[in-house]
file upload22.cif (mmCIF, C-alpha atoms and all ligand atoms)
data_input
loop_
_atom_site.label_atom_id
_atom_site.label_comp_id
_atom_site.auth_asym_id
_atom_site.auth_seq_id
_atom_site.Cartn_x
_atom_site.Cartn_y
_atom_site.Cartn_z
CA MET A 1 0.00 0.00 0.00
CA SER A 2 1.40 3.39 -0.84
CA ARG A 3 0.94 6.74 -2.35
CA ALA A 4 0.78 7.53 -6.04
CA ARG A 5 0.70 10.79 -7.97
CA ALA A 6 -0.80 10.95 -11.45
CA VAL A 7 -0.78 13.84 -13.89
CA THR A 8 -3.25 13.70 -16.77
CA HIS A 9 -4.47 16.08 -19.44
CA PRO A 10 -8.05 16.86 -20.37
CA ASN A 11 -9.06 15.72 -23.82
CA ILE A 12 -11.51 17.27 -26.23
CA ALA A 13 -13.53 15.15 -28.57
CA LEU A 14 -13.16 15.98 -32.24
CA SER A 15 -15.95 13.52 -32.99
CA LYS A 16 -18.28 13.67 -30.01
CA TYR A 17 -19.55 11.12 -27.54
CA TRP A 18 -23.12 12.16 -26.71
CA GLY A 19 -25.55 9.46 -25.59
CA LYS A 20 -25.28 6.14 -23.78
CA ARG A 21 -26.32 2.67 -24.73
CA ALA A 22 -29.38 1.38 -22.91
CA GLY A 23 -28.53 -0.62 -19.80
CA GLU A 24 -25.93 -0.48 -17.08
CA GLY A 25 -22.22 0.21 -17.25
CA ASN A 26 -21.91 3.65 -18.89
CA MET A 27 -21.38 2.38 -22.43
CA PRO A 28 -21.31 5.08 -25.14
CA ALA A 29 -23.88 4.88 -27.93
CA VAL A 30 -21.57 6.42 -30.54
CA PRO A 31 -17.84 6.31 -31.31
CA SER A 32 -15.69 9.30 -30.37
CA LEU A 33 -12.21 10.52 -31.23
CA SER A 34 -10.27 12.91 -29.04
CA VAL A 35 -7.07 14.84 -28.67
CA ALA A 36 -5.30 15.22 -25.32
CA LEU A 37 -4.42 18.83 -24.52
CA SER A 38 -1.07 19.97 -23.20
CA GLY A 39 -0.97 23.12 -21.09
CA MET A 40 -3.91 21.94 -18.94
CA HIS A 41 -3.44 19.37 -16.19
CA THR A 42 -5.09 17.45 -13.40
CA GLU A 43 -2.71 16.36 -10.65
CA THR A 44 -4.09 13.73 -8.27
CA VAL A 45 -2.37 12.19 -5.27
CA CYS A 46 -3.96 9.07 -3.82
CA GLU A 47 -2.70 7.84 -0.47
CA VAL A 48 -3.97 4.60 1.04
CA LEU A 49 -4.44 5.15 4.78
CA PRO A 50 -5.83 2.16 6.73
CA SER A 51 -6.37 4.50 9.73
CA LEU A 52 -9.10 6.47 7.90
CA ALA A 53 -12.75 5.59 8.62
CA GLU A 54 -13.86 6.96 5.26
CA ASP A 55 -12.31 8.34 2.09
CA GLU A 56 -11.06 11.91 2.30
CA LEU A 57 -11.58 13.66 -1.03
CA VAL A 58 -10.20 17.13 -1.72
CA LEU A 59 -10.65 18.97 -5.01
CA ASP A 60 -9.00 22.32 -5.77
CA GLY A 61 -8.27 22.94 -2.09
CA GLY A 62 -11.74 22.17 -0.66
CA PRO A 63 -13.85 19.11 0.20
CA MET A 64 -15.37 17.56 -2.91
CA ALA A 65 -19.09 18.18 -3.58
CA ALA A 66 -21.55 15.31 -2.91
CA ASN A 67 -22.01 14.16 -6.50
CA GLY A 68 -18.26 14.12 -7.19
CA ARG A 69 -17.63 12.32 -3.87
CA GLU A 70 -20.01 9.50 -4.73
CA ARG A 71 -18.51 8.97 -8.18
CA CYS A 72 -14.94 9.00 -6.82
CA ALA A 73 -15.78 6.68 -3.92
CA ALA A 74 -17.42 4.28 -6.41
CA LEU A 75 -14.21 4.21 -8.47
CA LEU A 76 -12.12 3.60 -5.32
CA ASP A 77 -14.53 0.81 -4.29
CA ARG A 78 -13.98 -0.93 -7.64
CA VAL A 79 -10.20 -0.83 -7.13
CA ARG A 80 -10.53 -2.03 -3.50
CA ALA A 81 -12.75 -4.92 -4.58
CA ARG A 82 -10.09 -6.02 -7.08
CA VAL A 83 -7.30 -6.11 -4.47
CA ASP A 84 -9.57 -7.17 -1.60
CA SER A 85 -8.59 -4.20 0.57
CA PRO A 86 -10.90 -2.41 3.02
CA ALA A 87 -8.43 0.50 3.45
CA ARG A 88 -9.72 4.01 2.72
CA ALA A 89 -7.76 6.66 0.87
CA ARG A 90 -6.97 10.34 0.98
CA VAL A 91 -7.26 11.84 -2.50
CA VAL A 92 -6.06 15.35 -3.23
CA SER A 93 -6.75 16.58 -6.75
CA ARG A 94 -6.09 19.90 -8.43
CA ASN A 95 -6.92 21.27 -11.86
CA ASP A 96 -5.01 24.21 -13.33
CA PHE A 97 -8.11 25.18 -15.38
CA PRO A 98 -11.82 25.76 -14.45
CA THR A 99 -13.46 22.64 -12.95
CA GLY A 100 -16.88 21.39 -14.11
CA ALA A 101 -17.32 24.10 -16.71
CA GLY A 102 -17.21 22.12 -19.93
CA LEU A 103 -13.43 22.04 -20.11
CA ALA A 104 -13.25 18.25 -19.68
CA SER A 105 -12.23 18.32 -16.02
CA SER A 106 -14.18 15.10 -15.44
CA ALA A 107 -12.18 13.41 -18.21
CA SER A 108 -8.77 14.28 -16.81
CA GLY A 109 -10.05 13.98 -13.23
CA PHE A 110 -11.34 10.41 -13.42
CA ALA A 111 -8.37 9.35 -15.57
CA ALA A 112 -5.98 10.73 -12.92
CA LEU A 113 -7.94 9.15 -10.08
CA ALA A 114 -8.05 5.75 -11.80
CA LEU A 115 -4.33 5.83 -12.53
CA ALA A 116 -3.31 7.04 -9.04
CA ALA A 117 -5.70 4.66 -7.22
CA VAL A 118 -4.62 1.59 -9.19
CA ARG A 119 -0.96 2.28 -8.43
CA ALA A 120 -1.54 3.31 -4.78
CA TYR A 121 -3.52 0.12 -4.05
CA GLY A 122 -0.96 -1.99 -5.91
CA LEU A 123 -3.44 -3.34 -8.46
CA ASP A 124 -1.60 -4.91 -11.39
CA ALA A 125 -3.68 -3.42 -14.21
CA SER A 126 -2.83 -2.73 -17.85
CA ILE A 127 -3.43 0.74 -19.26
CA ALA A 128 -6.52 -0.67 -21.06
CA GLU A 129 -7.87 -1.87 -17.71
CA VAL A 130 -7.25 1.57 -16.18
CA SER A 131 -9.05 3.14 -19.17
CA ASP A 132 -12.02 0.80 -18.64
CA LEU A 133 -12.08 1.72 -14.94
CA ALA A 134 -12.10 5.45 -15.75
CA ARG A 135 -14.83 4.94 -18.40
CA ARG A 136 -17.22 3.50 -15.84
CA SER A 137 -17.06 6.85 -14.00
CA SER A 138 -17.08 9.12 -17.07
CA ALA A 139 -16.80 7.75 -20.59
CA SER A 140 -14.68 10.63 -21.90
CA ALA A 141 -12.14 9.85 -19.11
CA ALA A 142 -11.29 6.55 -20.83
CA ARG A 143 -9.60 8.61 -23.57
CA SER A 144 -7.44 10.68 -21.15
CA LEU A 145 -5.25 7.64 -20.37
CA PHE A 146 -3.49 8.19 -23.69
CA GLY A 147 -1.47 10.98 -25.25
CA GLY A 148 -2.06 12.28 -28.78
CA PHE A 149 -5.29 11.11 -30.41
CA ALA A 150 -7.48 8.37 -28.92
CA GLU A 151 -10.69 6.65 -29.82
CA LEU A 152 -13.55 5.11 -27.85
CA ALA A 153 -15.89 2.94 -29.92
CA PRO A 154 -19.02 1.28 -28.52
CA PRO A 155 -18.43 -2.46 -27.97
CA PRO A 156 -19.59 -4.63 -30.90
CA ASP A 157 -21.25 -7.05 -28.49
CA ALA A 158 -24.44 -5.84 -26.75
CA GLY A 159 -23.62 -7.77 -23.56
CA ALA A 160 -20.03 -6.53 -23.22
CA THR A 161 -18.96 -5.17 -19.84
CA PHE A 162 -15.33 -4.22 -20.65
CA LEU A 163 -14.59 -1.19 -22.83
CA ALA A 164 -11.36 0.78 -23.06
CA ALA A 165 -10.26 3.61 -25.31
CA THR A 166 -7.45 2.90 -27.76
CA PRO A 167 -4.60 5.14 -28.91
CA LEU A 168 -5.00 6.11 -32.56
CA ALA A 169 -2.14 8.48 -33.45
CA GLY A 170 0.72 10.29 -31.76
CA PRO A 171 0.72 14.00 -30.90
CA ASP A 172 2.38 14.92 -34.21
CA ALA A 173 -0.15 13.25 -36.55
CA VAL A 174 -1.31 16.69 -37.72
CA PRO A 175 0.17 20.16 -37.00
CA LEU A 176 -2.76 20.99 -34.72
CA ARG A 177 -2.99 23.73 -32.12
CA VAL A 178 -6.08 24.20 -29.95
CA LEU A 179 -6.99 27.67 -28.73
CA VAL A 180 -9.32 27.22 -25.77
CA CYS A 181 -11.45 30.35 -25.37
CA VAL A 182 -12.51 30.47 -21.72
CA VAL A 183 -15.72 32.50 -21.34
CA THR A 184 -16.63 31.77 -17.69
CA GLU A 185 -14.84 30.54 -14.59
CA SER A 186 -18.00 29.03 -13.06
CA ALA A 187 -19.42 25.51 -13.21
CA LYS A 188 -21.99 24.55 -15.86
CA ASP A 189 -25.75 24.29 -15.13
CA VAL A 190 -26.42 20.93 -16.75
CA PRO A 191 -23.72 18.27 -16.27
CA SER A 192 -23.01 16.24 -19.41
CA THR A 193 -24.61 13.01 -18.08
CA ALA A 194 -27.90 14.84 -17.44
CA GLY A 195 -27.63 16.74 -20.73
CA MET A 196 -27.16 13.63 -22.85
CA ASN A 197 -29.91 11.72 -21.04
CA ARG A 198 -32.31 14.63 -21.51
CA THR A 199 -31.36 14.73 -25.21
CA ARG A 200 -32.09 10.98 -25.54
CA ASP A 201 -35.45 11.35 -23.78
CA HIS A 202 -36.70 14.60 -25.33
CA SER A 203 -34.93 15.45 -28.59
CA PRO A 204 -36.74 14.80 -31.89
CA PHE A 205 -33.25 14.78 -33.45
CA TYR A 206 -31.57 12.21 -31.20
CA ALA A 207 -32.13 9.36 -33.68
CA ALA A 208 -30.63 11.52 -36.44
CA TRP A 209 -27.58 12.18 -34.22
CA LEU A 210 -27.10 8.43 -33.56
CA ASP A 211 -27.25 7.88 -37.30
CA GLU A 212 -24.88 10.72 -38.24
CA ALA A 213 -22.22 10.38 -35.51
CA PRO A 214 -20.56 7.13 -36.75
CA ARG A 215 -20.33 8.53 -40.29
CA VAL A 216 -18.65 11.76 -39.20
CA HIS A 217 -16.40 9.73 -36.89
CA ALA A 218 -15.24 7.40 -39.68
CA ALA A 219 -14.52 10.31 -42.03
CA LEU A 220 -12.67 12.22 -39.32
CA ARG A 221 -10.61 9.17 -38.40
CA ALA A 222 -9.59 8.75 -42.05
CA ALA A 223 -8.71 12.46 -42.37
CA LEU A 224 -6.56 12.28 -39.25
CA LEU A 225 -4.69 9.19 -40.38
CA ALA A 226 -4.11 10.87 -43.76
CA GLY A 227 -2.65 13.94 -42.01
CA ASP A 228 -5.44 16.12 -43.47
CA LEU A 229 -5.87 18.90 -40.90
CA PRO A 230 -8.53 20.91 -42.82
CA GLY A 231 -10.55 17.68 -43.15
CA VAL A 232 -10.21 17.02 -39.41
CA GLY A 233 -11.24 20.60 -38.61
CA GLU A 234 -14.31 20.64 -40.86
CA LEU A 235 -15.53 17.29 -39.56
CA ALA A 236 -14.89 18.25 -35.93
CA GLU A 237 -17.02 21.38 -36.33
CA ARG A 238 -19.71 19.30 -38.03
CA SER A 239 -19.73 16.77 -35.18
CA ALA A 240 -20.03 19.51 -32.54
CA LEU A 241 -22.84 21.32 -34.36
CA ALA A 242 -24.80 18.08 -34.90
CA MET A 243 -24.41 17.13 -31.22
CA HIS A 244 -25.56 20.57 -30.07
CA ALA A 245 -28.42 20.66 -32.59
CA SER A 246 -29.80 17.45 -31.08
CA ALA A 247 -29.30 18.75 -27.53
CA ILE A 248 -30.78 22.20 -28.23
CA ALA A 249 -33.94 20.57 -29.60
CA ALA A 250 -34.38 19.01 -26.13
CA GLY A 251 -33.85 22.38 -24.42
CA VAL A 252 -30.27 21.56 -23.44
CA ILE A 253 -28.47 24.75 -24.41
CA TYR A 254 -24.81 25.12 -23.48
CA PHE A 255 -24.16 28.10 -25.77
CA GLY A 256 -23.89 31.60 -24.32
CA ALA A 257 -23.58 34.89 -26.18
CA PRO A 258 -19.75 34.67 -26.33
CA THR A 259 -20.03 31.10 -27.73
CA LEU A 260 -21.96 32.43 -30.72
CA ALA A 261 -19.63 35.42 -31.12
CA ILE A 262 -16.60 33.10 -31.26
CA LEU A 263 -18.34 30.71 -33.69
CA SER A 264 -19.13 33.63 -35.93
CA ALA A 265 -15.54 34.94 -35.76
CA VAL A 266 -14.18 31.49 -36.64
CA ARG A 267 -16.46 31.26 -39.64
CA GLY A 268 -15.40 34.79 -40.63
CA LEU A 269 -11.73 33.77 -40.49
CA ARG A 270 -12.49 30.79 -42.74
CA ALA A 271 -14.29 33.04 -45.22
CA ARG A 272 -11.01 34.99 -45.43
CA GLY A 273 -9.07 31.79 -46.18
CA ILE A 274 -7.65 31.16 -42.69
CA GLY A 275 -8.01 27.58 -41.47
CA ALA A 276 -9.86 27.73 -38.12
CA TRP A 277 -12.61 25.41 -36.90
CA ALA A 278 -14.68 25.40 -33.72
CA THR A 279 -15.72 22.67 -31.33
CA ILE A 280 -17.90 23.04 -28.22
CA ASP A 281 -18.60 20.60 -25.38
CA ALA A 282 -21.08 20.64 -22.48
CA GLY A 283 -20.34 24.26 -21.61
CA PRO A 284 -20.11 27.68 -23.26
CA HIS A 285 -16.37 27.66 -24.04
CA VAL A 286 -15.17 27.27 -27.62
CA LYS A 287 -12.07 25.33 -28.58
CA VAL A 288 -10.67 26.63 -31.85
CA LEU A 289 -8.66 24.21 -33.95
CA VAL A 290 -5.92 25.77 -36.08
CA ASP A 291 -2.83 24.89 -38.04
CA GLU A 292 0.24 25.77 -35.95
CA ALA A 293 1.27 28.21 -38.70
CA ASP A 294 -1.92 30.27 -38.13
CA ARG A 295 -1.83 30.10 -34.31
CA ALA A 296 -0.69 33.69 -33.62
CA ARG A 297 -3.06 35.54 -35.92
CA VAL A 298 -6.08 33.44 -34.93
CA ALA A 299 -5.25 33.89 -31.22
CA SER A 300 -5.07 37.65 -31.59
CA ALA A 301 -8.47 37.69 -33.37
CA LEU A 302 -9.99 35.60 -30.55
CA HIS A 303 -8.54 37.79 -27.76
CA GLY A 304 -10.52 40.76 -29.04
CA ILE A 305 -13.97 39.09 -28.89
CA PRO A 306 -16.25 40.45 -26.11
CA GLY A 307 -16.78 37.79 -23.44
CA VAL A 308 -13.52 35.94 -24.04
CA LEU A 309 -11.79 35.99 -20.63
CA ARG A 310 -8.61 34.27 -21.75
CA VAL A 311 -7.27 31.98 -24.41
CA ILE A 312 -5.32 28.88 -23.40
CA GLU A 313 -3.05 27.64 -26.14
CA ALA A 314 -2.65 23.88 -26.23
CA ARG A 315 -1.03 21.35 -28.50
CA PRO A 316 -1.64 17.59 -28.59
CA ALA A 317 -0.24 16.29 -25.31
CA ALA A 318 2.04 13.39 -24.43
CA ALA A 319 0.74 10.44 -22.39
CA PRO A 320 -0.11 10.90 -18.69
CA THR A 321 2.46 10.14 -16.01
CA VAL A 322 2.21 8.32 -12.70
CA GLU A 323 4.75 7.80 -9.96
CA VAL A 324 4.51 5.66 -6.88
CA THR A 325 6.06 6.94 -3.66
CA PRO A 326 6.44 4.82 -0.52
C1 LIG B 1 -19.64 16.78 -24.78
O1 LIG B 1 -17.78 11.80 -20.41
O2 LIG B 1 -18.63 13.82 -19.18
O3 LIG B 1 -17.59 16.33 -23.68
O4 LIG B 1 -19.89 9.48 -19.29
O5 LIG B 1 -21.86 10.72 -18.45
O6 LIG B 1 -19.60 11.17 -17.45
P1 LIG B 1 -20.37 10.75 -18.70
O7 LIG B 1 -20.18 11.93 -19.75
P2 LIG B 1 -18.88 12.73 -20.15
O8 LIG B 1 -19.40 13.37 -21.52
C2 LIG B 1 -18.57 14.12 -22.38
C3 LIG B 1 -19.40 14.76 -23.42
C4 LIG B 1 -18.67 15.70 -24.33
C5 LIG B 1 -18.18 14.99 -25.60
C6 LIG B 1 -16.97 14.12 -25.46
O9 LIG B 1 -16.09 14.37 -24.62
O10 LIG B 1 -16.90 13.16 -26.25
#

call {"tool": "encode", "arguments": {"input": "upload22.cif", "output": "structure tokens", "more": "lines below"}}
Ligand code: DP6
result
Amino acid sequence: MSRARAVTHPNIALSKYWGKRAGEGNMPAVPSLSVALSGMHTETVCEVLPSLAEDELVLDGGPMAANGRERCAALLDRVRARVDSPARARVVSRNDFPTGAGLASSASGFAALALAAVRAYGLDASIAEVSDLARRSSASAARSLFGGFAELAPPPDAGATFLAATPLAGPDAVPLRVLVCVVTESAKDVPSTAGMNRTRDHSPFYAAWLDEAPRVHAALRAALLAGDLPGVGELAERSALAMHASAIAAGVIYFGAPTLAILSAVRGLRARGIGAWATIDAGPHVKVLVDEADRARVASALHGIPGVLRVIEARPAAAPTVEVTP
């Protein structure tokens, strides 16, 4: 029993996961493809302490909120069951970017917790098994166990219980830079699990999304493997807009006024021949995909948009790290 420290990166989906398969186990209904982002980190230390009566969970300097606590304790319980240990843990986690605001903090957070907990409890698990463990807590987290570009496809078998993300390409597959336009520091109103379930239950366009998502995913995957950045960018924007169209029809609206202003600026840049494409997750921020050669001029255009608080510049990240300390 020991102490382990994991550092992971958030990932953003270029082709989006939105919707779960019916049944237990948090299985995605559609395939997704993501890129891990450097310049943004979750650092999680997990310390196994048999003297504790219950898990101690600290996030960004304060006790974790109830919903987060339950999901983290459930992940720790799964690890404990595998090594047959009753010992509780102290977990201290910190994000260097806004938490719970649609910047994929749950992806990097559950990936870091899974990695740190597995090592701290001495569970002999492969990276695929750690990815599967993270997926059960938050499906996008399965992809944050890998650097570069990763993929999470629904299992072919309806009864499957194991599902891990797989690495698809290294960080240099395309000369991509991601300009993350932060438009609020506060947490989102509708967490992604609730948003996608509401979309499934109330959107007249959910079936169309389930039909479209695998096609966009396959085309995007091919563009990435061919090194075609404009293809990747166009398809990523298409995936995001289709996902949000289905959500908006169910009243799940993550866009704010700055979101639309940034989208419009990105489309304006494209009309002037500059390669820039937008993607948006379960929050109002916009992540702008650009060729590294256009990074500076696109960033300066984005800085001037009303409502943009700051722009974080990221490139495809390397794999996460974990170290065990006695
Ligand atoms: C819009 O992975 O947060 O970011 O599995 O219910 O925890 P749960 O959902 P989560 O959803 C992420 C949704 C998304 C798209 C994506 O990352 O693929």

call {"tool": "atom_distance", "arguments": {"input": "upload22.cif", "atom1": "atom CA of A:Ala257", "atom2": "atom CA of A:Leu302"}}
result
14.3 Å

call {"tool": "residues_near_ligand", "arguments": {"input": "upload22.cif", "ligand": "ligand LIG 1 (chain B)", "cutoff": "8 Å", "atoms": "all atoms listed in the file", "output": "VMD selection string"}}
result
chain A and resid 11 to 18 20 26 to 28 32 to 34 102 to 104 106 to 107 135 to 141 191 to 194 196 280 to 282

call {"tool": "closest_residue", "arguments": {"input": "upload22.cif", "among": "A:Tyr254, A:Phe162, A:Phe149, A:Tyr206", "to": "A:Ala36", "atoms": "all atoms listed in the file"}}
result
A:Phe149

call {"tool": "residues_around", "arguments": {"input": "upload22.cif", "residues": "A:Ala111", "least_positions_apart": "4", "cutoff": "8 Å", "atoms": "only C-alpha atoms", "output": "PyMOL selection string"}}
result
chain A and resi 8+107+115+130-131+134+141-142+144-145

call {"tool": "atom_distance", "arguments": {"input": "upload22.cif", "atom1": "atom CA of A:Asp211", "atom2": "atom CA of A:Phe110"}}
result
28.8 Å
